[in-house]
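Here's the structure we're looking at; comments come further down.
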Amino acid sequence: MGLFSNILGGSSTPTNLDKQESFLGLIMSVVAADGHISEEEINDFNSFANKSNILRGMSGNQFNSTIDKLFKILKRDGLDTLVDLCVAGLPSEHREGVFAVCCDLLFSDGSVEREEEQLLENLKVKLSINDALAMKIVEVISVKNKV
């Protein structure tokens with residue numbers, strides 16, 4: 001932390017995130033992976049967030065403050081730190097489903113950029129998704145998004 005951080009609003013990175021923050025942070029990392037967040041990606045992000053069981057019961061204010069918190073981490077500490085914090089905060093029973101949601105978000109615009117493919121590979125490893133399951137998920141999501 002810099003000399004003026006306390007005065008100018010800087011803060012340290014949180015040491016842990018809850019499962020809701022972790023879910024939102026991981027899907028946020030997917031839409032931000034290529035360094036540009038399009039209107040279509042924002043709409044897809046919101047659609048997945050609205051349909052998510054993990055976020056059921058979260059108020060609009062809680063959602064907005066969580067998004068603000070995650071964007072601050074992303075901006076201040078970078079994508080890798082955000083992903084690591086989110087993976088650490090995500091319960092193991094949600095890892096496969098979140099990986100599938102992340103795949104779906106990546107494929108939703110019709111193409112997967114190099115940075116996005118690399119993020120997906122990193123998520124597979126960090127979420128402990130085995131190769132066979134990851135391939136099944138990617139195959140189904142790619143077929144789904146062709147229509």
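Residues in the structure tokens are numbered from 1 in each chain, the chains being A, B, ... in the order shown, and ligands are numbered from 1 in the order shown.
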Requested in this report: Using only C-alpha atoms, determine which residues lie at most 7 Å from A:Val30, disregarding the query and same-chain residues fewer than 5 positions distant; provide the list as a PyMOL selection string.
Outcome: chain A and resi 102+106+116
Can those selected residues be exported to a file as a short mmCIF file (atom, residue, chain, number, x, y, z; two decimals), in the first residue's frame so that it contains all heavy atoms?
```cif
data_model
loop_
_atom_site.label_atom_id
_atom_site.label_comp_id
_atom_site.auth_asym_id
_atom_site.auth_seq_id
_atom_site.Cartn_x
_atom_site.Cartn_y
_atom_site.Cartn_z
N CYS A 102 -19.29 -20.13 -16.50
CA CYS A 102 -18.19 -19.36 -17.10
C CYS A 102 -17.99 -19.76 -18.56
O CYS A 102 -17.79 -18.89 -19.42
CB CYS A 102 -16.90 -19.56 -16.30
SG CYS A 102 -16.93 -18.76 -14.69
N LEU A 106 -18.41 -17.35 -21.88
CA LEU A 106 -17.34 -17.19 -22.87
C LEU A 106 -17.83 -17.46 -24.28
O LEU A 106 -17.42 -16.78 -25.22
CB LEU A 106 -16.17 -18.13 -22.55
CG LEU A 106 -15.22 -17.67 -21.46
CD1 LEU A 106 -14.14 -18.72 -21.21
CD2 LEU A 106 -14.58 -16.35 -21.80
N GLU A 116 -9.42 -15.35 -23.25
CA GLU A 116 -10.56 -16.04 -22.66
C GLU A 116 -10.30 -17.54 -22.56
O GLU A 116 -10.63 -18.17 -21.56
CB GLU A 116 -11.82 -15.77 -23.49
CG GLU A 116 -12.25 -14.31 -23.46
CD GLU A 116 -13.35 -14.00 -24.45
OE1 GLU A 116 -13.37 -14.60 -25.54
OE2 GLU A 116 -14.19 -13.13 -24.12
#
```
**Report entry** Residue contacts of stretch 42-51 of chain A (7 Å, only C-alpha atoms) excluding same-chain residues fewer than 5 positions away, as a list of chain:residue names
**Finding:**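 Final neighbour list, sorted by chain and number: A:Ile27, A:Ile37, A:Leu105.
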Mind writing the picked residues with C-alpha atoms as a CSV table (one decimal), in the first residue's frame?
```csv
chain,number,residue,atom,x,y,z
A,27,ILE,CA,-18.3,-14.6,-14.0
A,37,ILE,CA,-16.6,-5.5,-21.6
A,105,LEU,CA,-20.5,-16.8,-20.8
```
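When only C-alpha atoms are used to compute distances to A:Glu40, the closest of the residues A:Glu93, A:Asp80, A:Asp109, A:Glu121 turns out to be A:Asp109.
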Requested in this report: Identify, on the basis of only C-alpha atoms, every residue whose closest approach to A:Ile54 does not exceed 10 Å; exclude the query and any residue fewer than 4 positions from it along the same chain; express the result as a list in words.
Outcome: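 Here the qualifying residues turn out to be Lys19, Gln20, Glu21, Ser22, Phe23, Leu24, Ala49, Asn50, Met58, His94 and Val98 of chain A.
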For all heavy atoms, I'd like the residues from the last selection saved as a PDB file, in the first residue's frame.
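This is the output file again-v7.pdb:
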```pdb
ATOM      1  N   LYS A  19     -19.505 -17.031  -0.933  1.00  0.00           N
ATOM      2  CA  LYS A  19     -19.830 -17.768  -2.156  1.00  0.00           C
ATOM      3  C   LYS A  19     -20.532 -16.882  -3.189  1.00  0.00           C
ATOM      4  O   LYS A  19     -20.327 -17.049  -4.389  1.00  0.00           O
ATOM      5  CB  LYS A  19     -20.642 -19.024  -1.856  1.00  0.00           C
ATOM      6  CG  LYS A  19     -22.052 -18.797  -1.389  1.00  0.00           C
ATOM      7  CD  LYS A  19     -22.759 -20.112  -1.115  1.00  0.00           C
ATOM      8  CE  LYS A  19     -24.181 -19.856  -0.645  1.00  0.00           C
ATOM      9  NZ  LYS A  19     -24.872 -21.116  -0.358  1.00  0.00           N
ATOM     10  N   GLN A  20     -21.337 -15.935  -2.744  1.00  0.00           N
ATOM     11  CA  GLN A  20     -22.001 -15.031  -3.680  1.00  0.00           C
ATOM     12  C   GLN A  20     -20.991 -14.114  -4.361  1.00  0.00           C
ATOM     13  O   GLN A  20     -21.019 -13.933  -5.577  1.00  0.00           O
ATOM     14  CB  GLN A  20     -23.073 -14.215  -2.956  1.00  0.00           C
ATOM     15  CG  GLN A  20     -24.233 -15.066  -2.472  1.00  0.00           C
ATOM     16  CD  GLN A  20     -25.190 -14.307  -1.580  1.00  0.00           C
ATOM     17  OE1 GLN A  20     -24.780 -13.501  -0.745  1.00  0.00           O
ATOM     18  NE2 GLN A  20     -26.477 -14.567  -1.764  1.00  0.00           N
ATOM     19  N   GLU A  21     -20.113 -13.526  -3.562  1.00  0.00           N
ATOM     20  CA  GLU A  21     -19.064 -12.674  -4.125  1.00  0.00           C
ATOM     21  C   GLU A  21     -18.172 -13.473  -5.063  1.00  0.00           C
ATOM     22  O   GLU A  21     -17.782 -12.984  -6.134  1.00  0.00           O
ATOM     23  CB  GLU A  21     -18.221 -12.068  -2.996  1.00  0.00           C
ATOM     24  CG  GLU A  21     -18.974 -11.090  -2.122  1.00  0.00           C
ATOM     25  CD  GLU A  21     -18.239 -10.739  -0.846  1.00  0.00           C
ATOM     26  OE1 GLU A  21     -17.496 -11.602  -0.298  1.00  0.00           O
ATOM     27  OE2 GLU A  21     -18.403  -9.592  -0.390  1.00  0.00           O
ATOM     28  N   SER A  22     -17.862 -14.701  -4.675  1.00  0.00           N
ATOM     29  CA  SER A  22     -16.991 -15.551  -5.485  1.00  0.00           C
ATOM     30  C   SER A  22     -17.629 -15.874  -6.828  1.00  0.00           C
ATOM     31  O   SER A  22     -16.969 -15.813  -7.872  1.00  0.00           O
ATOM     32  CB  SER A  22     -16.655 -16.833  -4.728  1.00  0.00           C
ATOM     33  OG  SER A  22     -15.900 -16.531  -3.581  1.00  0.00           O
ATOM     34  N   PHE A  23     -18.908 -16.234  -6.811  1.00  0.00           N
ATOM     35  CA  PHE A  23     -19.617 -16.522  -8.058  1.00  0.00           C
ATOM     36  C   PHE A  23     -19.601 -15.297  -8.969  1.00  0.00           C
ATOM     37  O   PHE A  23     -19.215 -15.381 -10.136  1.00  0.00           O
ATOM     38  CB  PHE A  23     -21.047 -16.960  -7.769  1.00  0.00           C
ATOM     39  CG  PHE A  23     -21.907 -17.051  -8.997  1.00  0.00           C
ATOM     40  CD1 PHE A  23     -21.715 -18.071  -9.917  1.00  0.00           C
ATOM     41  CD2 PHE A  23     -22.895 -16.107  -9.241  1.00  0.00           C
ATOM     42  CE1 PHE A  23     -22.508 -18.155 -11.068  1.00  0.00           C
ATOM     43  CE2 PHE A  23     -23.686 -16.189 -10.379  1.00  0.00           C
ATOM     44  CZ  PHE A  23     -23.490 -17.208 -11.288  1.00  0.00           C
ATOM     45  N   LEU A  24     -20.017 -14.156  -8.438  1.00  0.00           N
ATOM     46  CA  LEU A  24     -20.052 -12.934  -9.247  1.00  0.00           C
ATOM     47  C   LEU A  24     -18.662 -12.546  -9.738  1.00  0.00           C
ATOM     48  O   LEU A  24     -18.500 -12.106 -10.876  1.00  0.00           O
ATOM     49  CB  LEU A  24     -20.679 -11.790  -8.451  1.00  0.00           C
ATOM     50  CG  LEU A  24     -22.190 -11.857  -8.302  1.00  0.00           C
ATOM     51  CD1 LEU A  24     -22.683 -10.805  -7.310  1.00  0.00           C
ATOM     52  CD2 LEU A  24     -22.884 -11.701  -9.643  1.00  0.00           C
ATOM     53  N   ALA A  49     -26.599 -13.789 -13.602  1.00  0.00           N
ATOM     54  CA  ALA A  49     -26.735 -13.405 -12.193  1.00  0.00           C
ATOM     55  C   ALA A  49     -28.191 -13.512 -11.744  1.00  0.00           C
ATOM     56  O   ALA A  49     -28.480 -14.011 -10.654  1.00  0.00           O
ATOM     57  CB  ALA A  49     -26.198 -11.996 -11.976  1.00  0.00           C
ATOM     58  N   ASN A  50     -29.109 -13.069 -12.594  1.00  0.00           N
ATOM     59  CA  ASN A  50     -30.538 -13.112 -12.242  1.00  0.00           C
ATOM     60  C   ASN A  50     -31.072 -14.531 -12.124  1.00  0.00           C
ATOM     61  O   ASN A  50     -32.003 -14.780 -11.359  1.00  0.00           O
ATOM     62  CB  ASN A  50     -31.368 -12.332 -13.266  1.00  0.00           C
ATOM     63  CG  ASN A  50     -31.203 -10.844 -13.122  1.00  0.00           C
ATOM     64  OD1 ASN A  50     -30.968 -10.330 -12.034  1.00  0.00           O
ATOM     65  ND2 ASN A  50     -31.304 -10.135 -14.233  1.00  0.00           N
ATOM     66  N   MET A  58     -30.410 -12.191  -2.545  1.00  0.00           N
ATOM     67  CA  MET A  58     -29.542 -11.015  -2.491  1.00  0.00           C
ATOM     68  C   MET A  58     -30.333  -9.806  -2.991  1.00  0.00           C
ATOM     69  O   MET A  58     -30.941  -9.854  -4.057  1.00  0.00           O
ATOM     70  CB  MET A  58     -28.300 -11.244  -3.365  1.00  0.00           C
ATOM     71  CG  MET A  58     -27.325 -10.091  -3.373  1.00  0.00           C
ATOM     72  SD  MET A  58     -25.897 -10.396  -4.462  1.00  0.00           S
ATOM     73  CE  MET A  58     -24.647 -10.769  -3.249  1.00  0.00           C
ATOM     74  N   HIS A  94     -20.027 -26.070  -5.624  1.00  0.00           N
ATOM     75  CA  HIS A  94     -20.458 -25.142  -6.667  1.00  0.00           C
ATOM     76  C   HIS A  94     -19.457 -25.024  -7.808  1.00  0.00           C
ATOM     77  O   HIS A  94     -19.738 -24.362  -8.806  1.00  0.00           O
ATOM     78  CB  HIS A  94     -20.696 -23.749  -6.074  1.00  0.00           C
ATOM     79  CG  HIS A  94     -21.809 -23.693  -5.094  1.00  0.00           C
ATOM     80  ND1 HIS A  94     -23.117 -23.983  -5.415  1.00  0.00           N
ATOM     81  CD2 HIS A  94     -21.814 -23.386  -3.776  1.00  0.00           C
ATOM     82  CE1 HIS A  94     -23.882 -23.847  -4.352  1.00  0.00           C
ATOM     83  NE2 HIS A  94     -23.106 -23.493  -3.334  1.00  0.00           N
ATOM     84  N   VAL A  98     -20.257 -23.513 -11.598  1.00  0.00           N
ATOM     85  CA  VAL A  98     -19.703 -22.197 -11.916  1.00  0.00           C
ATOM     86  C   VAL A  98     -18.796 -22.292 -13.140  1.00  0.00           C
ATOM     87  O   VAL A  98     -18.807 -21.401 -13.998  1.00  0.00           O
ATOM     88  CB  VAL A  98     -18.969 -21.594 -10.691  1.00  0.00           C
ATOM     89  CG1 VAL A  98     -18.200 -20.349 -11.074  1.00  0.00           C
ATOM     90  CG2 VAL A  98     -19.975 -21.279  -9.593  1.00  0.00           C
TER      91      VAL A  98
END
```
Report task. Enumerate, as JSON, numbers by chain, the complete set of residues in stretch 23-81 of chain A that a backbone-based DSSP assignment places in helix (DSSP H, G or I). Result -> {"A": [23, 24, 25, 26, 27, 28, 29, 30, 31, 32, 39, 40, 41, 42, 43, 44, 45, 46, 47, 48, 49, 50, 51, 60, 61, 62, 63, 64, 65, 66, 67, 68, 69, 70, 71, 72, 73, 74, 75, 76, 77, 79, 80, 81]}
Report task. For A:Asn16, list every protein, DNA or RNA residue within 12 Å, evaluated using only C-alpha atoms, and leave out those in the same chain fewer than 6 positions away; present the list as JSON, numbers by chain. Result -> {"A": [22, 25, 70, 73, 81, 82, 83, 84, 85, 86, 87, 88, 89, 90]}
Requested in this report: Check the smallest atom-to-atom distance from each of A:Ser108, A:Leu123, A:Ala132, A:Glu39 to A:Lys146 using only C-alpha atoms, then report the winner.
Outcome: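 That would be A:Ser108, the residue with the smallest distance to A:Lys146.
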Query - Straight-line distance linking atom CA of A:Asp77 with atom CA of A:Ser52, stated in Å to one decimal - result: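 According to the coordinates, atom CA of A:Asp77 and atom CA of A:Ser52 are separated by 26.3 Å.
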Report task. Name the closest residue to A:Lys126 among the candidates A:Leu55, A:Leu17, A:Leu26, A:Ala32; distances are taken between atoms, counting only C-alpha atoms. Result ->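 With only C-alpha atoms as the atom set, the closest residue is A:Leu26.
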